[in-house]
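So this one's start-v8.tsv, TSV, C-alpha atoms and all ligand atoms:
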```tsv
chain	number	residue	atom	x	y	z
A	9	MET	CA	0.00	0.00	0.00
A	10	ALA	CA	1.46	3.32	-0.99
A	11	PRO	CA	0.69	5.85	1.72
A	12	GLY	CA	-2.49	7.68	1.00
A	13	ASN	CA	-3.51	6.00	-2.23
A	14	ARG	CA	-7.12	5.82	-1.16
A	15	LYS	CA	-7.61	9.54	-1.73
A	16	ASN	CA	-10.50	10.91	-3.64
A	17	PRO	CA	-9.04	11.68	-7.09
A	18	GLN	CA	-11.21	14.79	-7.38
A	19	ARG	CA	-9.29	16.59	-4.69
A	20	ALA	CA	-7.22	19.61	-5.57
A	21	THR	CA	-3.49	19.23	-6.12
A	22	ALA	CA	-2.64	21.49	-3.19
A	23	SER	CA	-4.16	19.12	-0.67
A	24	ASP	CA	-2.74	16.09	-2.46
A	25	SER	CA	0.72	17.34	-1.70
A	26	THR	CA	0.17	17.29	2.05
A	27	TYR	CA	-0.12	14.15	4.10
A	28	THR	CA	-2.04	14.74	7.27
A	29	LEU	CA	-1.56	12.99	10.58
A	30	LEU	CA	-5.02	11.42	10.27
A	31	GLU	CA	-4.14	10.03	6.86
A	32	PHE	CA	-0.88	8.66	8.22
A	33	MET	CA	-2.66	7.02	11.17
A	34	ALA	CA	-5.26	5.50	8.85
A	35	ASP	CA	-2.56	4.06	6.58
A	36	PHE	CA	-0.33	2.86	9.41
A	37	PRO	CA	-2.36	2.30	12.58
A	38	ASP	CA	0.02	-0.12	14.33
A	39	ASP	CA	3.23	-2.18	14.29
A	40	GLU	CA	1.55	-5.04	12.47
A	41	THR	CA	0.46	-2.87	9.52
A	42	CYS	CA	3.97	-1.42	9.27
A	43	LEU	CA	5.52	-4.90	9.25
A	44	ASN	CA	3.11	-6.04	6.57
A	45	TRP	CA	3.95	-2.99	4.51
A	46	LEU	CA	7.67	-3.85	4.75
A	47	TRP	CA	7.03	-7.48	3.80
A	48	ARG	CA	4.98	-6.53	0.76
A	49	THR	CA	7.28	-3.73	-0.34
A	50	ARG	CA	10.49	-5.68	0.01
A	51	TYR	CA	9.48	-9.24	-0.87
A	52	ALA	CA	5.86	-10.02	-1.68
A	53	PRO	CA	3.66	-7.44	-3.42
A	54	ASP	CA	0.64	-9.78	-3.10
A	55	GLY	CA	1.43	-10.55	0.54
A	56	GLU	CA	2.28	-14.22	0.12
A	57	THR	CA	4.28	-15.00	-3.04
A	58	ALA	CA	7.98	-14.26	-2.76
A	59	PHE	CA	11.26	-15.48	-4.20
A	60	CYS	CA	12.78	-18.12	-1.93
A	61	GLN	CA	16.59	-17.96	-1.86
A	62	ARG	CA	16.84	-21.60	-0.83
A	63	CYS	CA	14.33	-23.04	-3.32
A	64	GLU	CA	15.62	-20.55	-5.92
A	65	THR	CA	12.09	-19.99	-7.18
A	66	GLU	CA	8.84	-18.20	-6.31
A	67	ARG	CA	7.11	-19.81	-3.35
A	68	THR	CA	4.14	-19.26	-1.10
A	69	PHE	CA	5.12	-17.84	2.29
A	70	LYS	CA	3.06	-17.96	5.45
A	71	ARG	CA	3.23	-16.13	8.71
A	72	TYR	CA	2.98	-18.58	11.59
A	73	THR	CA	1.81	-17.17	14.85
A	74	SER	CA	4.01	-18.01	17.76
A	75	LYS	CA	4.24	-16.95	21.36
A	76	GLN	CA	7.25	-14.72	20.61
A	77	GLN	CA	5.31	-12.78	17.92
A	78	ARG	CA	8.18	-13.35	15.51
A	79	GLN	CA	8.56	-10.88	12.72
A	80	ASP	CA	9.12	-13.41	9.96
A	81	TRP	CA	7.46	-15.29	7.12
A	82	THR	CA	8.16	-18.94	6.31
A	83	CYS	CA	8.55	-20.66	2.94
A	84	THR	CA	5.85	-23.33	2.80
A	85	ALA	CA	8.08	-25.60	0.67
A	86	CYS	CA	11.42	-25.54	2.50
A	87	GLY	CA	10.76	-23.80	5.81
A	88	LEU	CA	13.15	-20.86	5.21
A	89	HIS	CA	12.41	-17.89	7.47
A	90	VAL	CA	12.47	-14.42	5.96
A	91	HIS	CA	12.66	-11.34	8.17
A	92	PRO	CA	11.53	-8.18	6.37
A	93	THR	CA	13.50	-5.97	8.79
A	94	ALA	CA	16.85	-7.79	8.33
A	95	GLY	CA	19.60	-5.38	7.34
A	96	THR	CA	17.32	-2.34	7.43
A	97	ILE	CA	17.29	0.61	9.78
A	98	TYR	CA	14.77	-1.31	11.93
A	99	HIS	CA	16.98	-4.35	12.36
A	100	LYS	CA	17.46	-5.26	16.04
A	101	SER	CA	15.86	-1.99	17.12
A	102	SER	CA	13.92	-2.19	20.35
A	103	THR	CA	11.73	0.66	19.12
A	104	GLY	CA	8.52	-0.53	17.47
A	105	LEU	CA	8.01	-0.07	13.74
A	106	HIS	CA	5.04	2.19	14.26
A	107	LEU	CA	7.17	4.65	16.23
A	108	TRP	CA	9.85	4.58	13.52
A	109	PHE	CA	7.26	5.30	10.83
A	110	TYR	CA	5.78	8.04	12.95
A	111	ALA	CA	9.22	9.62	13.49
A	112	MET	CA	9.69	9.74	9.71
A	113	TYR	CA	6.24	11.18	9.30
A	114	LEU	CA	7.11	13.97	11.76
A	115	MET	CA	10.42	14.69	10.06
A	116	THR	CA	8.78	15.08	6.67
A	117	SER	CA	5.68	16.97	7.71
A	118	THR	CA	7.28	19.93	9.46
A	119	ARG	CA	8.85	22.80	7.62
A	120	CYS	CA	12.04	23.08	9.62
A	121	GLY	CA	12.27	19.57	11.05
A	122	ILE	CA	11.98	18.65	14.69
A	123	SER	CA	14.55	18.21	17.43
A	124	ALA	CA	15.39	15.02	19.30
A	125	LYS	CA	13.85	16.68	22.36
A	126	GLN	CA	10.52	17.12	20.53
A	127	LEU	CA	10.71	13.57	19.24
A	128	GLU	CA	11.32	12.29	22.76
A	129	ARG	CA	8.09	13.96	23.86
A	130	GLU	CA	6.05	12.95	20.79
A	131	LEU	CA	7.08	9.30	20.87
A	132	GLY	CA	7.49	8.79	24.59
A	133	VAL	CA	10.94	7.27	24.08
A	134	THR	CA	14.14	8.30	25.87
A	135	TYR	CA	16.17	11.20	24.54
A	136	LYS	CA	18.99	8.80	23.67
A	137	THR	CA	16.64	6.64	21.60
A	138	ALA	CA	15.13	9.65	19.83
A	139	TRP	CA	18.58	11.00	19.03
A	140	ARG	CA	19.77	7.62	17.72
A	141	MET	CA	16.70	7.27	15.49
A	142	PHE	CA	17.29	10.70	14.02
A	143	ASN	CA	20.90	10.00	13.28
A	144	LEU	CA	20.13	6.75	11.49
A	145	ILE	CA	17.38	8.37	9.45
A	146	ARG	CA	19.54	11.37	8.51
A	147	ASN	CA	22.76	9.53	7.80
A	148	GLN	CA	21.40	6.34	6.25
A	149	LEU	CA	18.05	7.11	4.66
A	150	MET	CA	18.56	10.74	3.71
A	151	GLU	CA	22.06	10.21	2.37
A	152	GLN	CA	22.58	12.21	-0.80
A	153	ASP	CA	22.94	10.31	-4.03
A	154	PRO	CA	26.53	10.79	-5.23
A	155	ASP	CA	25.49	9.86	-8.77
A	156	GLU	CA	23.02	12.72	-8.97
A	157	LYS	CA	24.40	14.99	-11.69
A	158	LEU	CA	23.55	18.66	-11.98
A	159	THR	CA	23.41	20.36	-15.36
A	160	ASN	CA	22.14	23.42	-17.22
A	161	ARG	CA	22.99	26.35	-14.93
A	162	VAL	CA	24.37	25.74	-11.45
A	163	GLU	CA	24.76	28.19	-8.57
A	164	MET	CA	27.54	27.36	-6.12
A	165	ASP	CA	28.36	28.85	-2.78
A	166	GLU	CA	29.96	28.09	0.54
A	167	THR	CA	28.76	28.96	4.00
A	168	TYR	CA	29.95	28.59	7.56
A	169	VAL	CA	27.83	27.06	10.28
A	170	GLY	CA	28.48	27.23	13.99
A	171	GLY	CA	27.63	29.12	17.12
A	172	LYS	CA	28.18	32.77	17.73
A	173	PRO	CA	31.13	33.52	19.97
A	174	ARG	CA	30.12	33.43	23.63
A	175	ALA	CA	30.79	36.49	25.71
A	176	THR	CA	33.37	34.56	27.70
A	177	ASP	CA	35.22	33.74	24.48
A	178	ARG	CA	35.37	37.32	23.30
A	179	ALA	CA	38.79	37.92	24.71
A	180	LYS	CA	40.03	35.01	22.61
A	181	TRP	CA	38.57	36.07	19.31
A	182	GLN	CA	39.11	39.79	19.57
A	183	LYS	CA	42.18	40.66	17.59
A	184	PRO	CA	43.57	44.12	18.04
A	185	GLY	CA	43.95	46.08	14.83
A	186	LEU	CA	41.11	44.32	13.03
A	187	THR	CA	37.69	45.79	12.38
A	188	VAL	CA	34.73	44.09	14.08
A	189	GLN	CA	33.77	42.62	10.73
A	190	SER	CA	37.23	41.19	10.11
A	191	GLN	CA	37.24	39.77	13.61
A	192	ALA	CA	33.95	38.02	12.91
A	193	VAL	CA	35.28	36.65	9.61
A	194	SER	CA	38.37	35.41	11.37
A	195	TRP	CA	36.25	33.79	14.09
A	196	ALA	CA	34.08	32.13	11.47
A	197	HIS	CA	37.14	30.75	9.77
A	198	ASP	CA	38.58	29.37	13.00
A	199	LYS	CA	35.48	28.05	14.72
A	200	LYS	CA	32.78	27.42	12.19
A	201	THR	CA	32.39	24.47	9.85
A	202	PRO	CA	32.28	25.13	6.11
A	203	ILE	CA	29.58	23.64	3.89
A	204	PHE	CA	29.77	23.74	0.11
A	205	GLY	CA	26.56	23.60	-1.91
A	206	MET	CA	25.26	23.67	-5.47
A	207	VAL	CA	21.78	24.10	-6.92
A	208	GLN	CA	20.61	23.57	-10.46
A	209	ARG	CA	18.74	26.35	-12.19
A	210	ASN	CA	16.60	25.79	-15.26
A	211	ASP	CA	15.94	28.94	-17.25
A	212	LYS	CA	13.41	28.59	-20.02
A	213	VAL	CA	12.91	31.36	-22.54
A	214	TRP	CA	9.37	31.65	-23.88
A	215	GLU	CA	8.82	33.52	-27.13
A	216	ASP	CA	5.61	33.89	-29.11
A	217	GLY	CA	6.66	36.60	-31.55
A	218	LYS	CA	5.32	39.46	-29.43
A	219	THR	CA	6.62	38.70	-25.97
A	220	LYS	CA	9.73	37.13	-24.59
A	221	ALA	CA	9.99	35.97	-21.02
A	222	THR	CA	12.34	33.86	-19.00
A	223	VAL	CA	10.85	31.37	-16.58
A	224	THR	CA	13.15	29.96	-13.98
A	225	ASN	CA	12.64	26.89	-11.90
A	226	TYR	CA	15.09	25.16	-9.64
A	227	GLY	CA	16.27	21.58	-9.62
A	228	ASN	CA	17.97	19.71	-6.85
A	229	VAL	CA	20.45	20.95	-4.32
A	230	VAL	CA	23.61	19.10	-3.28
A	231	ALA	CA	25.49	20.11	-0.11
A	232	TYR	CA	28.43	18.68	1.78
A	233	VAL	CA	30.43	19.56	4.85
A	234	VAL	CA	33.97	20.21	3.64
A	235	PRO	CA	37.31	20.77	5.39
A	236	LYS	CA	38.62	24.31	5.87
A	237	LYS	CA	40.92	24.23	2.88
A	238	MET	CA	38.17	23.22	0.56
A	239	GLN	CA	39.33	23.92	-2.98
A	240	SER	CA	40.28	20.32	-3.76
A	241	ASP	CA	36.91	19.17	-2.41
A	242	VAL	CA	35.08	21.68	-4.58
A	243	ILE	CA	36.98	20.39	-7.62
A	244	ARG	CA	36.19	16.78	-6.70
A	245	LEU	CA	32.49	17.46	-6.08
A	246	MET	CA	32.20	19.32	-9.38
A	247	ASP	CA	33.92	16.49	-11.25
A	248	ASP	CA	31.62	13.95	-9.63
A	249	GLN	CA	28.32	15.78	-9.68
A	250	VAL	CA	28.24	18.45	-12.38
A	251	LYS	CA	27.92	17.58	-16.07
A	252	ASP	CA	30.40	19.04	-18.55
A	253	GLY	CA	29.13	22.12	-20.33
A	254	THR	CA	27.22	23.42	-17.33
A	255	THR	CA	27.26	27.18	-16.73
A	256	ILE	CA	28.49	28.02	-13.22
A	257	TYR	CA	27.56	31.01	-11.05
A	258	THR	CA	29.51	31.83	-7.90
A	259	ASP	CA	30.37	34.83	-5.78
A	260	ASP	CA	33.80	36.39	-6.26
A	261	SER	CA	35.51	34.40	-3.52
A	262	ARG	CA	39.03	33.38	-4.55
A	263	LEU	CA	37.95	29.81	-3.90
A	264	TYR	CA	36.50	29.76	-7.41
A	265	ASP	CA	39.28	31.53	-9.32
A	266	TRP	CA	40.64	28.27	-10.74
A	267	MET	CA	37.43	27.71	-12.70
A	268	ASP	CA	38.19	30.43	-15.21
A	269	LYS	CA	41.22	28.53	-16.49
A	270	SER	CA	39.61	25.12	-16.35
A	271	GLY	CA	37.15	25.30	-19.23
A	272	TRP	CA	33.96	25.88	-17.21
A	273	GLU	CA	31.75	28.75	-18.28
A	274	HIS	CA	32.00	30.65	-15.04
A	275	HIS	CA	30.26	33.88	-14.02
A	276	LYS	CA	30.98	35.70	-10.79
A	277	VAL	CA	28.64	37.88	-8.80
A	278	ARG	CA	30.72	40.80	-7.67
A	279	HIS	CA	29.35	41.27	-4.16
A	280	SER	CA	32.48	42.84	-2.80
A	281	ARG	CA	32.43	45.73	-5.25
A	282	GLY	CA	28.88	46.45	-4.24
A	283	SER	CA	27.83	46.55	-7.88
A	284	TYR	CA	24.84	44.52	-8.72
A	285	VAL	CA	24.94	42.60	-11.90
A	286	ALA	CA	24.59	43.95	-15.36
A	287	ASN	CA	23.19	40.58	-16.35
A	288	TYR	CA	20.24	39.57	-14.19
A	289	GLN	CA	21.04	35.90	-14.64
A	290	ILE	CA	24.31	36.21	-12.77
A	291	HIS	CA	23.34	35.59	-9.18
A	292	THR	CA	23.51	32.97	-6.45
A	293	GLN	CA	20.26	33.83	-4.69
A	294	GLN	CA	18.82	30.34	-4.64
A	295	ILE	CA	21.74	28.65	-2.94
A	296	GLU	CA	21.95	31.58	-0.51
A	297	GLY	CA	18.26	31.05	0.24
A	298	PHE	CA	19.00	27.40	0.94
A	299	TRP	CA	21.76	28.40	3.40
A	300	SER	CA	19.38	30.62	5.29
A	301	LEU	CA	16.92	27.71	5.59
A	302	VAL	CA	19.69	25.51	6.97
A	303	LYS	CA	20.90	28.15	9.40
A	304	ARG	CA	17.44	29.12	10.57
A	305	GLY	CA	16.60	25.45	11.02
A	306	ILE	CA	19.74	24.67	12.96
A	307	SER	CA	19.55	27.67	15.25
A	308	GLY	CA	15.76	27.58	15.62
A	309	THR	CA	15.12	23.86	15.97
A	310	HIS	CA	18.35	22.31	17.07
A	311	HIS	CA	20.13	25.31	18.65
A	312	ALA	CA	23.62	24.03	17.93
A	313	VAL	CA	25.10	21.13	16.06
A	314	SER	CA	28.58	19.72	16.52
A	315	PRO	CA	30.68	19.45	13.33
A	316	LYS	CA	30.68	15.67	13.73
A	317	TRP	CA	26.92	15.44	13.16
A	318	LEU	CA	26.51	18.39	10.81
A	319	GLN	CA	26.45	16.35	7.58
A	320	GLY	CA	23.39	14.46	8.84
A	321	TYR	CA	21.52	17.73	9.42
A	322	VAL	CA	22.62	19.01	6.02
A	323	ASN	CA	21.29	15.78	4.46
A	324	GLU	CA	17.94	16.40	6.10
A	325	TYR	CA	17.68	19.95	4.74
A	326	VAL	CA	18.76	18.79	1.27
A	327	TRP	CA	16.15	16.03	1.42
A	328	ARG	CA	13.46	18.48	2.45
A	329	TYR	CA	14.47	21.00	-0.22
A	330	ASN	CA	14.59	18.39	-3.00
A	331	HIS	CA	11.10	17.16	-2.11
A	332	ARG	CA	9.84	20.64	-1.28
A	333	ASP	CA	6.67	20.60	-3.36
A	334	ASN	CA	5.29	17.36	-2.09
A	335	GLY	CA	4.95	16.37	1.55
A	336	ARG	CA	3.31	13.09	0.67
A	337	GLY	CA	6.07	12.26	-1.80
A	338	MET	CA	8.70	13.23	0.74
A	339	PHE	CA	7.33	10.73	3.25
A	340	SER	CA	6.79	7.97	0.65
A	341	ALA	CA	10.32	8.30	-0.70
A	342	LEU	CA	11.81	8.12	2.80
A	343	LEU	CA	9.68	5.15	3.76
A	344	LEU	CA	10.58	3.34	0.55
A	345	ARG	CA	14.31	3.75	1.27
A	346	SER	CA	13.75	2.33	4.75
A	347	ALA	CA	12.38	-0.93	3.34
A	348	PHE	CA	15.71	-2.02	1.89
A	349	PRO	CA	19.04	-2.97	3.47
A	350	LEU	CA	21.45	-0.18	4.28
A	351	ALA	CA	24.63	0.27	2.28
A	352	THR	CA	26.68	0.27	5.50
A	353	PRO	CA	24.72	-1.53	8.18
B	1	ZN	ZN	11.85	-22.29	0.09
```
Mind converting the file's structure to structure tokens?
Amino acid sequence: MAPGNRKNPQRATASDSTYTLLEFMADFPDDETCLNWLWRTRYAPDGETAFCQRCETERTFKRYTSKQQRQDWTCTACGLHVHPTAGTIYHKSSTGLHLWFYAMYLMTSTRCGISAKQLERELGVTYKTAWRMFNLIRNQLMEQDPDEKLTNRVEMDETYVGGKPRATDRAKWQKPGLTVQSQAVSWAHDKKTPIFGMVQRNDKVWEDGKTKATVTNYGNVVAYVVPKKMQSDVIRLMDDQVKDGTTIYTDDSRLYDWMDKSGWEHHKVRHSRGSYVANYQIHTQQIEGFWSLVKRGISGTHHAVSPKWLQGYVNEYVWRYNHRDNGRGMFSALLLRSAFPLATP
């Protein structure tokens, strides 16, 4: 059962894109329904015919009730047991499937995400459990696809994430002879963690003889935590994830100077000269908008994030951005990933 397929087809698209709590609860009322969903999604679309590894053919599987309420199905020909949760995020978890599904529902139905503290309260699990669930979901299920290639026009930018200097640290970061702004830049460089990101932009020119207009829509975003000296990482990420022939827009940071001699069509926004763009297409507003979502989310929802866990949070914001128009699709895609074994269990 795909979540929410029983909707009235007459309903407007706007409401189709949201997936309400009542709809979620109707689709997945308990652990048993969630387990059945996993079994059908991973092995047996009809609920009982699946490929048996031992018989090496399609067989009928049955679920035998036992005192231990085992979460497996048995091949009626050879007796092989198949566990739909084996190798997945749910494997050996003491948290029930329904709570896992509900955690994913919460993560995909809020605009800025929720904190482990909120999850603890919503699910009635310990903080440690809530935090562990979040990390697995962010790092395993929301992992960005390294084969995802961007093309057309791509905006690139870097940002720094981390706390503001505490009053007690001021003495340490104040450097005599520097302006307040330079001190802040220097602090950012020392204490904050850099993230590099790219977003695809699709500009379409419409012409009907009388009028000409450009319509822009945005494709996916890609964002990774990178080390302080990040130029080699930027080069690697571009090689891996940007198609040849793509037009690149960046700010005028020296980080991107190498591009001009490397065959990319590269346009710089000259922020530092304070002159705003002769050509309206030369900007990096979309990726900057994405950074402000990430920063607002981290400071508003999570307060502070240690560099060690930052990539997981970035994955979550990328996931949310890339599924931004469809809350139902965002949940379905996450749930579907959860049904299959993890790359690194
Ligand atoms: Zn068998």
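Counting from atom CA of A:Asn334, the distance to atom CA of A:Thr26 is 6.6 Å.
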Give me, as a PDB file with C-alpha atoms, keeping the file's coordinate frame, the set of residues whose atoms come within 12 Å of any atom of ligand ZN 1 (chain B), counting all atoms listed in the file.
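Below is the file that was written, selection_35.pdb:
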```
ATOM      1  CA  THR A  57       4.280 -15.000  -3.040  1.00  0.00           C
ATOM      2  CA  ALA A  58       7.980 -14.260  -2.760  1.00  0.00           C
ATOM      3  CA  PHE A  59      11.260 -15.480  -4.200  1.00  0.00           C
ATOM      4  CA  CYS A  60      12.780 -18.120  -1.930  1.00  0.00           C
ATOM      5  CA  GLN A  61      16.590 -17.960  -1.860  1.00  0.00           C
ATOM      6  CA  ARG A  62      16.840 -21.600  -0.830  1.00  0.00           C
ATOM      7  CA  CYS A  63      14.330 -23.040  -3.320  1.00  0.00           C
ATOM      8  CA  GLU A  64      15.620 -20.550  -5.920  1.00  0.00           C
ATOM      9  CA  THR A  65      12.090 -19.990  -7.180  1.00  0.00           C
ATOM     10  CA  GLU A  66       8.840 -18.200  -6.310  1.00  0.00           C
ATOM     11  CA  ARG A  67       7.110 -19.810  -3.350  1.00  0.00           C
ATOM     12  CA  THR A  68       4.140 -19.260  -1.100  1.00  0.00           C
ATOM     13  CA  PHE A  69       5.120 -17.840   2.290  1.00  0.00           C
ATOM     14  CA  LYS A  70       3.060 -17.960   5.450  1.00  0.00           C
ATOM     15  CA  TRP A  81       7.460 -15.290   7.120  1.00  0.00           C
ATOM     16  CA  THR A  82       8.160 -18.940   6.310  1.00  0.00           C
ATOM     17  CA  CYS A  83       8.550 -20.660   2.940  1.00  0.00           C
ATOM     18  CA  THR A  84       5.850 -23.330   2.800  1.00  0.00           C
ATOM     19  CA  ALA A  85       8.080 -25.600   0.670  1.00  0.00           C
ATOM     20  CA  CYS A  86      11.420 -25.540   2.500  1.00  0.00           C
ATOM     21  CA  GLY A  87      10.760 -23.800   5.810  1.00  0.00           C
ATOM     22  CA  LEU A  88      13.150 -20.860   5.210  1.00  0.00           C
ATOM     23  CA  HIS A  89      12.410 -17.890   7.470  1.00  0.00           C
ATOM     24  CA  VAL A  90      12.470 -14.420   5.960  1.00  0.00           C
TER      25      VAL A  90
END
```
Inset, instruction - Return the single residue from A:Val207, A:Ile256, A:Val326, A:Ile97 that is closest to A:Leu343, with distances computed using all atoms listed in the file. - result: A:Ile97
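Every protein, DNA or RNA residue with an atom at most 8 Å from stretch 145-160 of chain A, where all atoms listed in the file count and chain neighbours fewer than 6 positions away do not, is listed here: Ile97, Met112, Val207, Gln208, Arg209, Asn210, Asn228, Val230, Asp248, Gln249, Val250, Lys251, Asp252, Gly253, Thr254, Thr255, Gln319, Gly320, Tyr321, Asn323, Glu324, Val326, Trp327, Leu342, Arg345, Ser346, Leu350 and Ala351 of chain A.
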Given the selection you just returned, output its residues as a file containing C-alpha atoms, formatted as a compact mmCIF listing (two decimals), keeping the file's coordinate frame.
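To be explicit, this is the file written out as again_20.txt:
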```txt
# COMPACT_ATOMS: atom_id res chain seq x y z
CA ILE A 97 17.29 0.61 9.78
CA MET A 112 9.69 9.74 9.71
CA VAL A 207 21.78 24.10 -6.92
CA GLN A 208 20.61 23.57 -10.46
CA ARG A 209 18.74 26.35 -12.19
CA ASN A 210 16.60 25.79 -15.26
CA ASN A 228 17.97 19.71 -6.85
CA VAL A 230 23.61 19.10 -3.28
CA ASP A 248 31.62 13.95 -9.63
CA GLN A 249 28.32 15.78 -9.68
CA VAL A 250 28.24 18.45 -12.38
CA LYS A 251 27.92 17.58 -16.07
CA ASP A 252 30.40 19.04 -18.55
CA GLY A 253 29.13 22.12 -20.33
CA THR A 254 27.22 23.42 -17.33
CA THR A 255 27.26 27.18 -16.73
CA GLN A 319 26.45 16.35 7.58
CA GLY A 320 23.39 14.46 8.84
CA TYR A 321 21.52 17.73 9.42
CA ASN A 323 21.29 15.78 4.46
CA GLU A 324 17.94 16.40 6.10
CA VAL A 326 18.76 18.79 1.27
CA TRP A 327 16.15 16.03 1.42
CA LEU A 342 11.81 8.12 2.80
CA ARG A 345 14.31 3.75 1.27
CA SER A 346 13.75 2.33 4.75
CA LEU A 350 21.45 -0.18 4.28
CA ALA A 351 24.63 0.27 2.28
```
Inset, instruction - Give the answer as one residue: which of A:Phe36, A:Tyr168, A:Tyr98, A:Tyr113 has the shortest atom-to-atom distance to A:Gly335, using all atoms listed in the file? - result: A:Tyr113
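Residue nearest A:Arg161, chosen from A:Pro92, A:Gly104, A:Pro184, A:Gly227 and counting only C-alpha atoms: A:Gly227.
Distances to A:Val169 were evaluated for A:Ser314, A:Thr258, A:Asn44, A:Gln79 using only C-alpha atoms, and the minimum falls at A:Ser314.
Between atom CA of A:Leu29 and atom CA of A:Val322 there is a distance of 25.3 Å.
Distances from A:Leu114, A:Leu344, A:Arg71, A:Gly205 to A:Glu56 were compared using all atoms listed in the file, and the smallest one belongs to A:Arg71.
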List the spatial neighbours of A:Asp165 as a CSV table (one decimal) with C-alpha atoms, keeping the file's coordinate frame - criterion: any atom at most 8 Å away, only C-alpha atoms, same-chain residues fewer than 6 positions off excluded.
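Produced file result.csv, reproduced below:
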```csv
chain,number,residue,atom,x,y,z
A,204,PHE,CA,29.8,23.7,0.1
A,205,GLY,CA,26.6,23.6,-1.9
A,206,MET,CA,25.3,23.7,-5.5
A,258,THR,CA,29.5,31.8,-7.9
A,259,ASP,CA,30.4,34.8,-5.8
A,292,THR,CA,23.5,33.0,-6.4
A,295,ILE,CA,21.7,28.6,-2.9
A,296,GLU,CA,22.0,31.6,-0.5
```
Inset, instruction - Would you list the contacts of A:Lys100 as a PyMOL selection string, taking every protein, DNA or RNA residue within 12 Å and counting only C-alpha atoms, but skipping same-chain residues closer than 5 positions in sequence? - result: chain A and resi 79+91-95+105+353
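With atom CA of A:Thr49 on one side and atom CA of A:Ala341 on the other, the separation reads 12.4 Å.
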Legend entry - For A:Asn330, the nearest of the candidates A:Phe32, A:Tyr226, A:Tyr51, A:Tyr264, counting only C-alpha atoms: A:Tyr226
Please provide the set of residues having any atom within 6 Å of A:His106, restricted to all atoms listed in the file, with same-chain residues fewer than 3 positions apart removed, written as a PDB file with C-alpha atoms, in the frame of the given file.
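The new file out28.pdb reads:
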```pdb
ATOM      1  CA  ASP A  38       0.020  -0.120  14.330  1.00  0.00           C
ATOM      2  CA  ASP A  39       3.230  -2.180  14.290  1.00  0.00           C
ATOM      3  CA  PHE A 109       7.260   5.300  10.830  1.00  0.00           C
TER       4      PHE A 109
END
```
Hey, could you pull the box centre and edge lengths for stretch 50-68 of chain A, axis-aligned, 5 Å padding per side, all listed atoms, to one decimal in Å, as JSON?
```
{"center_x": 8.7, "center_y": -14.4, "center_z": -3.3, "size_x": 26.2, "size_y": 27.4, "size_z": 17.7}
```
Inset, instruction - Using all atoms listed in the file, find all polymer residues with an atom at most 12 Å away from the point (7.5, 6.9, 24.0); report them as a ChimeraX atom specification. - result: /A:102-104,106-108,110-111,125-138
Can you pull out the residues contacting A:Gly308? Cut-off 12 Å, using all atoms listed in the file, and skip same-chain residues under 3 positions away; I want them as a CSV table (one decimal) with C-alpha atoms, keeping the file's coordinate frame.
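Here's the written file part-v3.csv:
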```
chain,number,residue,atom,x,y,z
A,119,ARG,CA,8.8,22.8,7.6
A,120,CYS,CA,12.0,23.1,9.6
A,121,GLY,CA,12.3,19.6,11.0
A,122,ILE,CA,12.0,18.6,14.7
A,123,SER,CA,14.6,18.2,17.4
A,300,SER,CA,19.4,30.6,5.3
A,301,LEU,CA,16.9,27.7,5.6
A,302,VAL,CA,19.7,25.5,7.0
A,303,LYS,CA,20.9,28.2,9.4
A,304,ARG,CA,17.4,29.1,10.6
A,305,GLY,CA,16.6,25.4,11.0
A,311,HIS,CA,20.1,25.3,18.6
A,312,ALA,CA,23.6,24.0,17.9
A,313,VAL,CA,25.1,21.1,16.1
```
Could you add N, CA, C and O atoms to stretch 32-38 of chain A and give me the result as an mmCIF file, in the coordinates of the input?
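Everything below was put into rebuild_30.cif:
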```
data_model
loop_
_atom_site.group_PDB
_atom_site.id
_atom_site.type_symbol
_atom_site.label_atom_id
_atom_site.label_comp_id
_atom_site.auth_asym_id
_atom_site.auth_seq_id
_atom_site.Cartn_x
_atom_site.Cartn_y
_atom_site.Cartn_z
ATOM 1 N N PHE A 32 -1.975 9.547 7.821
ATOM 2 C CA PHE A 32 -0.880 8.660 8.220
ATOM 3 C C PHE A 32 -1.389 7.573 9.169
ATOM 4 O O PHE A 32 -1.096 6.382 8.997
ATOM 5 N N MET A 33 -2.170 7.977 10.167
ATOM 6 C CA MET A 33 -2.660 7.020 11.170
ATOM 7 C C MET A 33 -3.627 6.000 10.549
ATOM 8 O O MET A 33 -3.690 4.857 10.983
ATOM 9 N N ALA A 34 -4.362 6.442 9.521
ATOM 10 C CA ALA A 34 -5.260 5.500 8.850
ATOM 11 C C ALA A 34 -4.464 4.492 8.019
ATOM 12 O O ALA A 34 -4.803 3.310 7.966
ATOM 13 N N ASP A 35 -3.395 4.963 7.378
ATOM 14 C CA ASP A 35 -2.560 4.060 6.580
ATOM 15 C C ASP A 35 -1.734 3.115 7.438
ATOM 16 O O ASP A 35 -1.521 1.956 7.094
ATOM 17 N N PHE A 36 -1.224 3.641 8.551
ATOM 18 C CA PHE A 36 -0.330 2.860 9.410
ATOM 19 C C PHE A 36 -0.789 2.939 10.870
ATOM 20 O O PHE A 36 -0.216 3.681 11.668
ATOM 21 N N PRO A 37 -1.824 2.168 11.217
ATOM 22 C CA PRO A 37 -2.360 2.300 12.580
ATOM 23 C C PRO A 37 -1.521 1.609 13.657
ATOM 24 O O PRO A 37 -1.632 1.968 14.829
ATOM 25 N N ASP A 38 -0.696 0.632 13.292
ATOM 26 C CA ASP A 38 0.020 -0.120 14.330
ATOM 27 C C ASP A 38 1.254 -0.824 13.769
ATOM 28 O O ASP A 38 1.496 -0.811 12.567
#
```
